[in-house]
>>> print(open('protein05.csv').read())   # CSV, C-alpha atoms
chain,number,residue,atom,x,y,z
P,1,MET,CA,98.2,124.0,100.0
P,2,PRO,CA,101.6,125.5,101.2
P,3,LEU,CA,104.2,123.5,103.1
P,4,VAL,CA,104.8,126.4,105.5
P,5,ALA,CA,102.7,129.1,107.2
P,6,PRO,CA,103.8,132.5,108.5
P,7,THR,CA,103.7,133.5,112.1
P,8,THR,CA,105.2,136.1,114.5
P,9,VAL,CA,107.5,135.1,117.4
P,10,HIS,CA,109.1,136.8,120.3
P,11,LYS,CA,112.8,136.0,120.3
P,12,VAL,CA,114.5,136.0,123.7
P,13,THR,CA,118.3,136.2,124.1
P,14,GLY,CA,119.3,136.7,127.6
P,15,ALA,CA,117.5,139.8,128.8
P,16,SER,CA,116.8,141.0,125.2
P,17,TRP,CA,113.4,140.6,123.6
P,18,SER,CA,112.6,141.2,119.9
P,19,GLU,CA,109.7,140.5,117.6
P,20,ALA,CA,110.3,138.8,114.3
P,21,PRO,CA,108.5,136.9,111.5
P,22,ASP,CA,108.9,133.2,111.3
P,23,LEU,CA,107.6,130.2,109.4
P,24,LEU,CA,105.9,127.0,110.7
P,25,ALA,CA,105.5,123.6,109.1
P,26,VAL,CA,101.9,123.2,108.0
P,27,GLU,CA,99.9,120.4,109.7
P,28,GLU,CA,96.5,119.3,108.3
P,29,PRO,CA,94.5,116.2,108.5
P,30,LEU,CA,94.2,113.9,105.5
P,31,GLU,CA,91.4,111.3,105.2
P,32,ILE,CA,92.1,108.4,102.9
P,33,ARG,CA,89.0,106.8,101.4
P,34,LEU,CA,88.7,103.7,99.3
P,35,GLY,CA,86.3,103.2,96.5
P,36,PHE,CA,85.7,99.5,95.9
P,37,GLY,CA,83.4,96.7,94.7
P,38,PRO,CA,81.9,95.6,91.4
P,39,ALA,CA,81.2,98.2,88.7
P,40,ASN,CA,77.4,98.1,89.4
P,41,ASP,CA,77.7,98.3,93.2
P,42,ARG,CA,80.5,100.7,94.1
P,43,GLN,CA,81.1,101.5,97.8
P,44,GLN,CA,83.4,103.7,99.7
P,45,ARG,CA,85.0,103.5,103.1
P,46,SER,CA,87.4,105.6,105.2
P,47,VAL,CA,90.5,103.7,106.0
P,48,SER,CA,92.8,106.3,107.7
P,49,VAL,CA,93.1,109.8,108.9
P,50,THR,CA,96.6,111.1,109.4
P,51,MET,CA,98.0,114.5,110.3
P,52,ARG,CA,100.4,115.4,107.5
P,53,THR,CA,102.1,118.3,105.7
P,54,PRO,CA,100.1,118.9,102.5
P,55,GLY,CA,101.7,118.0,99.3
P,56,HIS,CA,102.3,114.7,97.4
P,57,ASP,CA,99.0,113.4,98.9
P,58,GLU,CA,98.5,110.9,96.1
P,59,GLU,CA,101.9,109.4,97.0
P,60,LEU,CA,101.1,109.3,100.7
P,61,ALA,CA,97.8,107.5,100.0
P,62,ALA,CA,99.5,105.0,97.7
P,63,GLY,CA,102.4,104.4,100.0
P,64,PHE,CA,100.1,103.8,103.0
P,65,LEU,CA,97.9,101.4,101.1
P,66,PHE,CA,100.8,99.5,99.6
P,67,ALA,CA,102.5,99.2,103.0
P,68,GLU,CA,99.3,97.8,104.4
P,69,GLY,CA,99.0,95.2,101.6
P,70,ILE,CA,95.8,96.6,100.2
P,71,ILE,CA,97.2,97.4,96.7
P,72,GLN,CA,100.1,95.7,94.9
P,73,SER,CA,100.7,97.7,91.8
P,74,PRO,CA,99.4,100.8,90.0
P,75,ASN,CA,97.2,98.5,87.9
P,76,ASP,CA,95.0,98.0,91.0
P,77,VAL,CA,94.1,101.7,91.0
P,78,ILE,CA,91.6,103.4,88.7
P,79,SER,CA,92.1,106.8,90.1
P,80,CYS,CA,93.5,108.7,93.1
P,81,ARG,CA,92.3,112.3,93.6
P,82,HIS,CA,91.2,114.8,96.1
P,83,CYS,CA,87.5,115.3,97.0
P,84,VAL,CA,87.3,119.0,96.1
P,85,GLN,CA,85.5,121.1,98.7
P,86,ASP,CA,85.2,124.2,96.5
P,87,ALA,CA,86.3,125.4,93.1
P,88,ASN,CA,89.4,127.1,94.4
P,89,LYS,CA,90.8,124.7,97.0
P,90,GLU,CA,91.6,121.0,97.2
P,91,GLY,CA,90.2,119.3,100.3
P,92,ASN,CA,91.7,117.2,103.0
P,93,ILE,CA,90.1,114.0,101.7
P,94,ILE,CA,91.6,111.8,99.0
P,95,ARG,CA,89.7,109.0,97.4
P,96,VAL,CA,91.5,106.0,95.9
P,97,GLU,CA,89.3,104.1,93.4
P,98,LEU,CA,90.2,100.4,93.2
P,99,ARG,CA,89.5,98.3,90.1
P,100,PRO,CA,86.4,96.1,90.5
P,101,GLY,CA,88.4,92.9,90.7
P,102,VAL,CA,90.6,94.0,93.7
P,103,ALA,CA,89.6,92.3,96.9
P,104,VAL,CA,90.2,94.2,100.1
P,105,ASP,CA,91.2,92.4,103.3
P,106,TRP,CA,89.8,94.8,105.9
P,107,ALA,CA,91.2,92.6,108.7
P,108,ARG,CA,94.7,93.3,107.4
P,109,LEU,CA,94.3,97.0,108.0
P,110,GLU,CA,93.2,96.4,111.6
P,111,ARG,CA,95.9,93.8,112.2
P,112,ASN,CA,98.9,95.6,110.7
P,113,SER,CA,98.5,99.3,111.5
P,114,PHE,CA,101.0,100.2,114.1
P,115,THR,CA,99.7,103.4,115.5
P,116,SER,CA,102.4,104.0,118.1
P,117,SER,CA,105.5,102.6,119.6
P,118,SER,CA,103.6,101.5,122.7
P,119,CYS,CA,100.7,99.8,121.0
P,120,GLY,CA,101.1,96.7,123.1
P,121,LEU,CA,101.7,94.3,120.3
P,122,CYS,CA,103.8,91.2,121.0
P,123,GLY,CA,107.1,91.4,119.1
P,124,LYS,CA,106.9,87.9,117.7
P,125,THR,CA,103.2,88.4,116.6
P,126,THR,CA,104.0,91.7,115.0
P,127,ILE,CA,106.9,90.3,112.9
P,128,GLU,CA,104.9,87.2,111.8
P,129,ALA,CA,102.0,89.5,110.7
P,130,VAL,CA,104.4,91.6,108.6
P,131,MET,CA,106.2,88.5,107.1
P,132,ALA,CA,102.8,87.3,105.9
P,133,GLN,CA,102.5,90.2,103.5
P,134,THR,CA,106.2,90.4,102.3
P,135,SER,CA,108.2,88.3,99.9
P,136,GLY,CA,110.2,86.9,102.7
P,137,LEU,CA,113.9,87.4,103.4
P,138,LEU,CA,115.5,90.3,101.6
P,139,ARG,CA,118.3,88.9,99.3
P,140,SER,CA,119.5,92.0,97.6
P,141,ALA,CA,123.1,92.2,96.4
P,142,LEU,CA,123.3,95.9,97.3
P,143,THR,CA,126.5,97.0,98.9
P,144,THR,CA,127.7,100.5,99.7
P,145,ASP,CA,130.7,102.4,101.2
P,146,PRO,CA,130.7,103.9,104.7
P,147,MET,CA,131.5,107.3,103.1
P,148,VAL,CA,128.2,107.1,101.2
P,149,LEU,CA,126.3,106.8,104.5
P,150,THR,CA,128.2,109.5,106.4
P,151,ALA,CA,127.6,112.0,103.6
P,152,LEU,CA,123.8,111.4,103.5
P,153,PRO,CA,122.8,113.8,106.4
P,154,ASP,CA,124.3,116.8,104.7
P,155,THR,CA,123.2,115.7,101.2
P,156,VAL,CA,119.6,115.2,102.3
P,157,ARG,CA,119.5,118.3,104.4
P,158,HIS,CA,120.4,120.5,101.4
P,159,LEU,CA,117.5,118.9,99.5
P,160,GLN,CA,115.0,119.6,102.3
P,161,THR,CA,113.3,122.8,101.2
P,162,ALA,CA,110.6,122.8,103.9
P,163,PHE,CA,113.1,122.0,106.7
P,164,ALA,CA,115.3,124.9,105.6
P,165,TYR,CA,112.4,127.3,106.4
P,166,THR,CA,111.0,125.7,109.5
P,167,GLY,CA,113.4,123.3,111.1
P,168,GLY,CA,110.4,121.2,112.1
P,169,ILE,CA,109.9,118.6,109.4
P,170,HIS,CA,111.1,115.0,108.7
P,171,ALA,CA,112.6,113.6,105.5
P,172,ALA,CA,112.8,110.3,103.8
P,173,ALA,CA,115.3,109.9,101.0
P,174,LEU,CA,115.9,107.1,98.4
P,175,PHE,CA,119.6,106.6,97.5
P,176,ASP,CA,121.6,104.2,95.4
P,177,ALA,CA,124.9,102.4,96.2
P,178,HIS,CA,126.9,105.4,95.0
P,179,GLY,CA,125.1,107.8,97.3
P,180,THR,CA,123.0,109.5,94.6
P,181,VAL,CA,119.7,110.6,96.1
P,182,ARG,CA,116.9,109.7,93.7
P,183,LEU,CA,113.9,111.0,95.7
P,184,VAL,CA,113.3,113.1,98.8
P,185,ARG,CA,109.9,113.5,100.5
P,186,GLU,CA,109.2,115.7,103.5
P,187,ASP,CA,106.4,115.7,106.1
P,188,ILE,CA,105.7,116.7,109.7
P,189,GLY,CA,105.2,113.0,110.4
P,190,ARG,CA,108.0,110.4,110.0
P,191,HIS,CA,105.6,107.7,108.8
P,192,ASN,CA,104.0,110.0,106.3
P,193,ALA,CA,107.4,111.1,104.8
P,194,LEU,CA,108.2,107.4,104.2
P,195,ASP,CA,104.8,106.6,102.8
P,196,LYS,CA,105.2,109.5,100.4
P,197,LEU,CA,108.6,108.2,99.3
P,198,ILE,CA,107.3,104.6,98.8
P,199,GLY,CA,104.2,106.0,97.1
P,200,ALA,CA,106.3,108.0,94.7
P,201,ALA,CA,108.3,104.8,93.8
P,202,PHE,CA,105.0,102.9,93.6
P,203,TRP,CA,103.6,105.3,90.9
P,204,GLN,CA,106.9,105.2,89.0
P,205,GLY,CA,106.8,101.3,88.9
P,206,TRP,CA,110.1,101.0,90.8
P,207,LEU,CA,109.0,98.6,93.4
P,208,PRO,CA,110.5,96.4,94.9
P,209,LEU,CA,113.4,98.7,95.8
P,210,GLY,CA,116.0,96.0,96.0
P,211,GLN,CA,118.8,98.2,94.6
P,212,TYR,CA,118.3,101.2,96.9
P,213,GLY,CA,118.6,102.3,100.5
P,214,ILE,CA,116.4,104.6,102.4
P,215,PHE,CA,117.6,107.4,104.7
P,216,LEU,CA,115.4,108.8,107.5
P,217,SER,CA,115.9,112.1,109.3
P,218,GLY,CA,114.7,110.8,112.7
P,219,ARG,CA,114.6,107.6,114.8
P,220,ILE,CA,113.6,104.1,113.5
P,221,GLY,CA,110.5,102.6,114.9
P,222,VAL,CA,109.3,99.1,114.0
P,223,GLU,CA,106.6,100.5,111.7
P,224,LEU,CA,109.2,102.2,109.5
P,225,VAL,CA,111.1,98.9,109.2
P,226,GLN,CA,107.7,97.3,108.3
P,227,LYS,CA,107.0,99.7,105.5
P,228,SER,CA,110.6,99.4,104.1
P,229,TRP,CA,110.5,95.6,104.2
P,230,ARG,CA,107.2,95.6,102.4
P,231,ALA,CA,108.8,97.8,99.7
P,232,GLY,CA,111.8,95.5,99.4
P,233,VAL,CA,114.4,97.9,100.8
P,234,PRO,CA,117.6,96.1,101.9
P,235,LEU,CA,119.2,99.0,103.7
P,236,LEU,CA,117.5,101.4,106.1
P,237,ALA,CA,119.6,104.2,107.7
P,238,ALA,CA,118.7,107.1,110.0
P,239,VAL,CA,120.1,110.0,112.0
P,240,GLY,CA,118.4,108.6,115.1
P,241,ALA,CA,118.3,105.4,117.1
P,242,PRO,CA,116.3,102.2,116.3
P,243,SER,CA,114.0,100.6,118.8
P,244,SER,CA,114.5,97.0,120.0
P,245,LEU,CA,111.7,95.7,118.0
P,246,ALA,CA,112.9,97.6,114.9
P,247,VAL,CA,116.2,95.8,115.2
P,248,GLN,CA,114.5,92.4,115.7
P,249,MET,CA,112.3,92.9,112.6
P,250,ALA,CA,115.3,94.0,110.5
P,251,GLN,CA,117.2,90.8,111.6
P,252,GLU,CA,114.2,88.7,110.6
P,253,ALA,CA,114.0,90.5,107.3
P,254,GLY,CA,117.7,90.3,106.4
P,255,MET,CA,117.7,94.1,106.3
P,256,THR,CA,120.8,96.2,107.0
P,257,LEU,CA,119.8,98.6,109.8
P,258,VAL,CA,122.0,101.6,110.5
P,259,GLY,CA,121.4,104.2,113.2
P,260,PHE,CA,123.1,107.3,114.6
P,261,VAL,CA,124.3,108.4,111.1
P,262,ARG,CA,125.9,111.7,112.2
P,263,ASN,CA,129.2,113.5,112.5
P,264,GLY,CA,131.0,110.9,110.3
P,265,ARG,CA,129.9,107.9,112.3
P,266,PHE,CA,127.2,105.3,112.5
P,267,ASN,CA,126.1,102.0,114.2
P,268,ILE,CA,125.2,98.9,112.3
P,269,TYR,CA,122.5,96.8,114.0
P,270,SER,CA,122.0,94.0,111.5
P,271,GLU,CA,123.4,92.5,108.2
P,272,PRO,CA,126.7,94.5,108.3
P,273,ASP,CA,128.0,92.8,105.1
P,274,ARG,CA,126.2,95.3,102.9
P,275,ILE,CA,128.6,98.0,104.2
P,276,SER,CA,132.1,97.8,102.7
P,277,LYS,CA,135.0,97.7,105.2
P,278,THR,CA,137.6,98.9,102.8
P,279,SER,CA,137.6,102.5,104.0
P,280,VAL,CA,136.8,101.9,107.7
P,281,SER,CA,139.7,102.7,110.0
P,282,ALA,CA,140.9,100.2,112.5
P,283,HIS,CA,139.3,102.0,115.5
>>> encode(input="protein05.csv", output="structure tokens")
Amino acid sequence: MPLVAPTTVHKVTGASWSEAPDLLAVEEPLEIRLGFGPANDRQQRSVSVTMRTPGHDEELAAGFLFAEGIIQSPNDVISCRHCVQDANKEGNIIRVELRPGVAVDWARLERNSFTSSSCGLCGKTTIEAVMAQTSGLLRSALTTDPMVLTALPDTVRHLQTAFAYTGGIHAAALFDAHGTVRLVREDIGRHNALDKLIGAAFWQGWLPLGQYGIFLSGRIGVELVQKSWRAGVPLLAAVGAPSSLAVQMAQEAGMTLVGFVRNGRFNIYSEPDRISKTSVSAH
């Protein structure tokens, strides 16, 4: 499936109208199904339906299931593939077959899926639930320079192929201490872009991501901190602002949280020692 779709728009500038071709970010549903149980009694169950931009669906499924604590390593998975609807087109259903010995905690999926920033969960309860499925406090020795962070928006923007055409898609990027971007994933949904990125690292066997940071093109909600903490990410930076609960969770995790990375500036909300002060001016 393509990342973009053609359309025609009417452009209005003052009193001037003109018709022109344009491109839109594609949005399609993806249903994630689990195949599970002993070899002689396999079952399947739908665990999530998300609106996403098609592409890297196997990574999206793996990233989501890893973040929710359902799978721990690629060895837990027998296969991950689309349910094909016809001979010429992949469908919007992807099935992840778990190995017979993998036990599924269905209550965890219900407990820890943060569907919106206004889901009504208590902050303390939310953080305790996430802590239960992480390795605890992040103790990475990662440090980086402020110039690395301030360069990320432009660096990542040039790697966003779908954004260049539509202007309406989010990105998540994995970078090292020197500012080298190792992976970029795009999606119309902020959560999906991060799931795709973590899923790519999952399939590569890179987890936990203790020597890397993640850069996001939007704001930072608590669920994005949750996913990053689960993946072992010690530094999470974004163009936008964090929420209060996102900051609280980052503090509990020992994660460096950086917001408003734009125009050569940023704010650090937790664990500032991972950002070098050597090139920061006095103001």
>>> closest_residue(input="protein05.csv", among="P:Ala241, P:Ile198, P:Val26, P:Met147", to="Gln226 of chain P", atoms="all atoms listed in the file")
P:Ile198
>>> residues_around(input="protein05.csv", residues="segment 74-82 of chain P", least_positions_apart="4", cutoff="12 Å", atoms="all atoms listed in the file", output="ChimeraX atom specification")
/P:30-36,39,54-63,65-66,69-70,86,89-104,199-207
>>> residues_near_point(input="protein05.csv", point="(103.8, 134.5, 114.9)", cutoff="8 Å", atoms="only C-alpha atoms", output="list in words")
Pro6, Thr7, Thr8, Val9, His10, Ala20, Pro21, Asp22 and Leu23 of chain P
>>> residues_around(input="protein05.csv", residues="Leu174 of chain P", least_positions_apart="5", cutoff="10 Å", atoms="only C-alpha atoms", output="ChimeraX atom specification")
/P:156,179-185,194,197-198,201,209,212-216,233,236
>>> residues_near_point(input="protein05.csv", point="(117.3, 113.6, 112.5)", cutoff="7 Å", atoms="only C-alpha atoms", output="ChimeraX atom specification")
/P:217-219,239-240
>>> write_last_selection(input="protein05.csv", atoms="C-alpha atoms", output="mmCIF file, keeping the file's coordinate frame")
data_model
loop_
_atom_site.group_PDB
_atom_site.id
_atom_site.type_symbol
_atom_site.label_atom_id
_atom_site.label_comp_id
_atom_site.auth_asym_id
_atom_site.auth_seq_id
_atom_site.Cartn_x
_atom_site.Cartn_y
_atom_site.Cartn_z
ATOM 1 C CA SER P 217 115.900 112.100 109.300
ATOM 2 C CA GLY P 218 114.700 110.800 112.700
ATOM 3 C CA ARG P 219 114.600 107.600 114.800
ATOM 4 C CA VAL P 239 120.100 110.000 112.000
ATOM 5 C CA GLY P 240 118.400 108.600 115.100
#
>>> closest_residue(input="protein05.csv", among="P:Ile275, P:Leu3, P:Leu152, P:Ala172", to="Thr256 of chain P", atoms="only C-alpha atoms")
P:Ile275
>>> atom_distance(input="protein05.csv", atom1="atom CA of Leu149 of chain P", atom2="atom CA of Leu24 of chain P")
29.4 Å
>>> atom_distance(input="protein05.csv", atom1="atom CA of Glu27 of chain P", atom2="atom CA of Arg52 of chain P")
5.5 Å
>>> atom_distance(input="protein05.csv", atom1="atom CA of Ser276 of chain P", atom2="atom CA of Phe260 of chain P")
17.7 Å
>>> closest_residue(input="protein05.csv", among="P:Phe64, P:Asp145, P:His158, P:Pro153", to="Leu224 of chain P", atoms="only C-alpha atoms")
P:Phe64
>>> closest_residue(input="protein05.csv", among="P:Pro208, P:Gly136, P:Gly168, P:Gly221", to="Ala253 of chain P", atoms="only C-alpha atoms")
P:Gly136
>>> closest_residue(input="protein05.csv", among="P:Val222, P:Asp176, P:Glu186, P:Ile268", to="Leu159 of chain P", atoms="only C-alpha atoms")
P:Glu186
>>> residues_around(input="protein05.csv", residues="Asn267 of chain P", least_positions_apart="2", cutoff="10 Å", atoms="only C-alpha atoms", output="JSON, numbers by chain")
{"P": [237, 238, 241, 257, 258, 259, 260, 261, 262, 265, 269, 270, 272]}
>>> write_last_selection(input="protein05.csv", atoms="C-alpha atoms", output="PDB file, keeping the file's coordinate frame")
ATOM      1  CA  ALA P 237     119.600 104.200 107.700  1.00  0.00           C
ATOM      2  CA  ALA P 238     118.700 107.100 110.000  1.00  0.00           C
ATOM      3  CA  ALA P 241     118.300 105.400 117.100  1.00  0.00           C
ATOM      4  CA  LEU P 257     119.800  98.600 109.800  1.00  0.00           C
ATOM      5  CA  VAL P 258     122.000 101.600 110.500  1.00  0.00           C
ATOM      6  CA  GLY P 259     121.400 104.200 113.200  1.00  0.00           C
ATOM      7  CA  PHE P 260     123.100 107.300 114.600  1.00  0.00           C
ATOM      8  CA  VAL P 261     124.300 108.400 111.100  1.00  0.00           C
ATOM      9  CA  ARG P 262     125.900 111.700 112.200  1.00  0.00           C
ATOM     10  CA  ARG P 265     129.900 107.900 112.300  1.00  0.00           C
ATOM     11  CA  TYR P 269     122.500  96.800 114.000  1.00  0.00           C
ATOM     12  CA  SER P 270     122.000  94.000 111.500  1.00  0.00           C
ATOM     13  CA  PRO P 272     126.700  94.500 108.300  1.00  0.00           C
TER      14      PRO P 272
END
>>> closest_residue(input="protein05.csv", among="P:Trp106, P:Leu245, P:Ile169, P:Pro38", to="Asp187 of chain P", atoms="all atoms listed in the file")
P:Ile169
>>> build_atoms(input="protein05.csv", residues="segment 28-61 of chain P", atoms="N, CA and C atoms", output="PDB file, in the frame of the given file")
ATOM      1  N   GLU P  28      97.963 119.464 108.595  1.00  0.00           N
ATOM      2  CA  GLU P  28      96.500 119.300 108.300  1.00  0.00           C
ATOM      3  C   GLU P  28      96.158 117.875 108.241  1.00  0.00           C
ATOM      4  N   PRO P  29      94.894 117.570 108.552  1.00  0.00           N
ATOM      5  CA  PRO P  29      94.500 116.200 108.500  1.00  0.00           C
ATOM      6  C   PRO P  29      94.246 115.744 107.028  1.00  0.00           C
ATOM      7  N   LEU P  30      94.523 114.482 106.756  1.00  0.00           N
ATOM      8  CA  LEU P  30      94.200 113.900 105.500  1.00  0.00           C
ATOM      9  C   LEU P  30      93.428 112.598 105.716  1.00  0.00           C
ATOM     10  N   GLU P  31      92.232 112.523 105.177  1.00  0.00           N
ATOM     11  CA  GLU P  31      91.400 111.300 105.200  1.00  0.00           C
ATOM     12  C   GLU P  31      91.613 110.525 103.947  1.00  0.00           C
ATOM     13  N   ILE P  32      91.978 109.257 104.056  1.00  0.00           N
ATOM     14  CA  ILE P  32      92.100 108.400 102.900  1.00  0.00           C
ATOM     15  C   ILE P  32      90.881 107.509 102.795  1.00  0.00           C
ATOM     16  N   ARG P  33      90.166 107.605 101.674  1.00  0.00           N
ATOM     17  CA  ARG P  33      89.000 106.800 101.400  1.00  0.00           C
ATOM     18  C   ARG P  33      89.232 105.823 100.297  1.00  0.00           C
ATOM     19  N   LEU P  34      88.660 104.649 100.399  1.00  0.00           N
ATOM     20  CA  LEU P  34      88.700 103.700  99.300  1.00  0.00           C
ATOM     21  C   LEU P  34      87.382 103.554  98.634  1.00  0.00           C
ATOM     22  N   GLY P  35      87.409 103.564  97.302  1.00  0.00           N
ATOM     23  CA  GLY P  35      86.300 103.200  96.500  1.00  0.00           C
ATOM     24  C   GLY P  35      86.482 101.771  96.006  1.00  0.00           C
ATOM     25  N   PHE P  36      85.520 100.884  96.192  1.00  0.00           N
ATOM     26  CA  PHE P  36      85.700  99.500  95.900  1.00  0.00           C
ATOM     27  C   PHE P  36      84.435  98.794  95.515  1.00  0.00           C
ATOM     28  N   GLY P  37      84.560  97.552  95.052  1.00  0.00           N
ATOM     29  CA  GLY P  37      83.400  96.700  94.700  1.00  0.00           C
ATOM     30  C   GLY P  37      83.182  96.637  93.221  1.00  0.00           C
ATOM     31  N   PRO P  38      82.196  95.817  92.826  1.00  0.00           N
ATOM     32  CA  PRO P  38      81.900  95.600  91.400  1.00  0.00           C
ATOM     33  C   PRO P  38      81.416  96.934  90.765  1.00  0.00           C
ATOM     34  N   ALA P  39      81.508  97.008  89.438  1.00  0.00           N
ATOM     35  CA  ALA P  39      81.200  98.200  88.700  1.00  0.00           C
ATOM     36  C   ALA P  39      79.744  98.682  88.959  1.00  0.00           C
ATOM     37  N   ASN P  40      78.848  97.742  89.188  1.00  0.00           N
ATOM     38  CA  ASN P  40      77.400  98.100  89.400  1.00  0.00           C
ATOM     39  C   ASN P  40      77.045  98.280  90.838  1.00  0.00           C
ATOM     40  N   ASP P  41      78.033  98.186  91.740  1.00  0.00           N
ATOM     41  CA  ASP P  41      77.700  98.300  93.200  1.00  0.00           C
ATOM     42  C   ASP P  41      78.937  98.910  93.903  1.00  0.00           C
ATOM     43  N   ARG P  42      79.364 100.100  93.480  1.00  0.00           N
ATOM     44  CA  ARG P  42      80.500 100.700  94.100  1.00  0.00           C
ATOM     45  C   ARG P  42      80.221 101.211  95.495  1.00  0.00           C
ATOM     46  N   GLN P  43      81.189 101.034  96.396  1.00  0.00           N
ATOM     47  CA  GLN P  43      81.100 101.500  97.800  1.00  0.00           C
ATOM     48  C   GLN P  43      82.304 102.301  98.130  1.00  0.00           C
ATOM     49  N   GLN P  44      82.226 103.034  99.233  1.00  0.00           N
ATOM     50  CA  GLN P  44      83.400 103.700  99.700  1.00  0.00           C
ATOM     51  C   GLN P  44      83.517 103.573 101.227  1.00  0.00           C
ATOM     52  N   ARG P  45      84.757 103.615 101.709  1.00  0.00           N
ATOM     53  CA  ARG P  45      85.000 103.500 103.100  1.00  0.00           C
ATOM     54  C   ARG P  45      86.264 104.232 103.515  1.00  0.00           C
ATOM     55  N   SER P  46      86.203 104.925 104.637  1.00  0.00           N
ATOM     56  CA  SER P  46      87.400 105.600 105.200  1.00  0.00           C
ATOM     57  C   SER P  46      88.298 104.620 105.828  1.00  0.00           C
ATOM     58  N   VAL P  47      89.589 104.664 105.468  1.00  0.00           N
ATOM     59  CA  VAL P  47      90.500 103.700 106.000  1.00  0.00           C
ATOM     60  C   VAL P  47      91.582 104.314 106.921  1.00  0.00           C
ATOM     61  N   SER P  48      91.777 105.631 106.841  1.00  0.00           N
ATOM     62  CA  SER P  48      92.800 106.300 107.700  1.00  0.00           C
ATOM     63  C   SER P  48      92.612 107.762 107.694  1.00  0.00           C
ATOM     64  N   VAL P  49      92.928 108.348 108.834  1.00  0.00           N
ATOM     65  CA  VAL P  49      93.100 109.800 108.900  1.00  0.00           C
ATOM     66  C   VAL P  49      94.425 110.061 109.572  1.00  0.00           C
ATOM     67  N   THR P  50      95.244 110.812 108.873  1.00  0.00           N
ATOM     68  CA  THR P  50      96.600 111.100 109.400  1.00  0.00           C
ATOM     69  C   THR P  50      96.837 112.598 109.346  1.00  0.00           C
ATOM     70  N   MET P  51      97.613 113.071 110.295  1.00  0.00           N
ATOM     71  CA  MET P  51      98.000 114.500 110.300  1.00  0.00           C
ATOM     72  C   MET P  51      99.293 114.577 109.460  1.00  0.00           C
ATOM     73  N   ARG P  52      99.228 115.379 108.396  1.00  0.00           N
ATOM     74  CA  ARG P  52     100.400 115.400 107.500  1.00  0.00           C
ATOM     75  C   ARG P  52     100.635 116.855 107.037  1.00  0.00           C
ATOM     76  N   THR P  53     101.769 117.063 106.409  1.00  0.00           N
ATOM     77  CA  THR P  53     102.100 118.300 105.700  1.00  0.00           C
ATOM     78  C   THR P  53     101.533 118.167 104.298  1.00  0.00           C
ATOM     79  N   PRO P  54     100.652 119.044 103.856  1.00  0.00           N
ATOM     80  CA  PRO P  54     100.100 118.900 102.500  1.00  0.00           C
ATOM     81  C   PRO P  54     101.126 118.866 101.432  1.00  0.00           C
ATOM     82  N   GLY P  55     100.797 118.137 100.379  1.00  0.00           N
ATOM     83  CA  GLY P  55     101.700 118.000  99.300  1.00  0.00           C
ATOM     84  C   GLY P  55     101.997 116.487  99.041  1.00  0.00           C
ATOM     85  N   HIS P  56     102.015 116.062  97.780  1.00  0.00           N
ATOM     86  CA  HIS P  56     102.300 114.700  97.400  1.00  0.00           C
ATOM     87  C   HIS P  56     101.255 113.734  98.127  1.00  0.00           C
ATOM     88  N   ASP P  57     100.003 114.195  98.232  1.00  0.00           N
ATOM     89  CA  ASP P  57      99.000 113.400  98.900  1.00  0.00           C
ATOM     90  C   ASP P  57      98.686 112.085  98.192  1.00  0.00           C
ATOM     91  N   GLU P  58      98.748 112.101  96.863  1.00  0.00           N
ATOM     92  CA  GLU P  58      98.500 110.900  96.100  1.00  0.00           C
ATOM     93  C   GLU P  58      99.588 109.826  96.431  1.00  0.00           C
ATOM     94  N   GLU P  59     100.813 110.290  96.604  1.00  0.00           N
ATOM     95  CA  GLU P  59     101.900 109.400  97.000  1.00  0.00           C
ATOM     96  C   GLU P  59     101.724 108.877  98.391  1.00  0.00           C
ATOM     97  N   LEU P  60     101.305 109.749  99.288  1.00  0.00           N
ATOM     98  CA  LEU P  60     101.100 109.300 100.700  1.00  0.00           C
ATOM     99  C   LEU P  60      99.995 108.256 100.726  1.00  0.00           C
ATOM    100  N   ALA P  61      98.896 108.446 100.013  1.00  0.00           N
ATOM    101  CA  ALA P  61      97.800 107.500 100.000  1.00  0.00           C
ATOM    102  C   ALA P  61      98.291 106.129  99.433  1.00  0.00           C
TER     103      ALA P  61
END
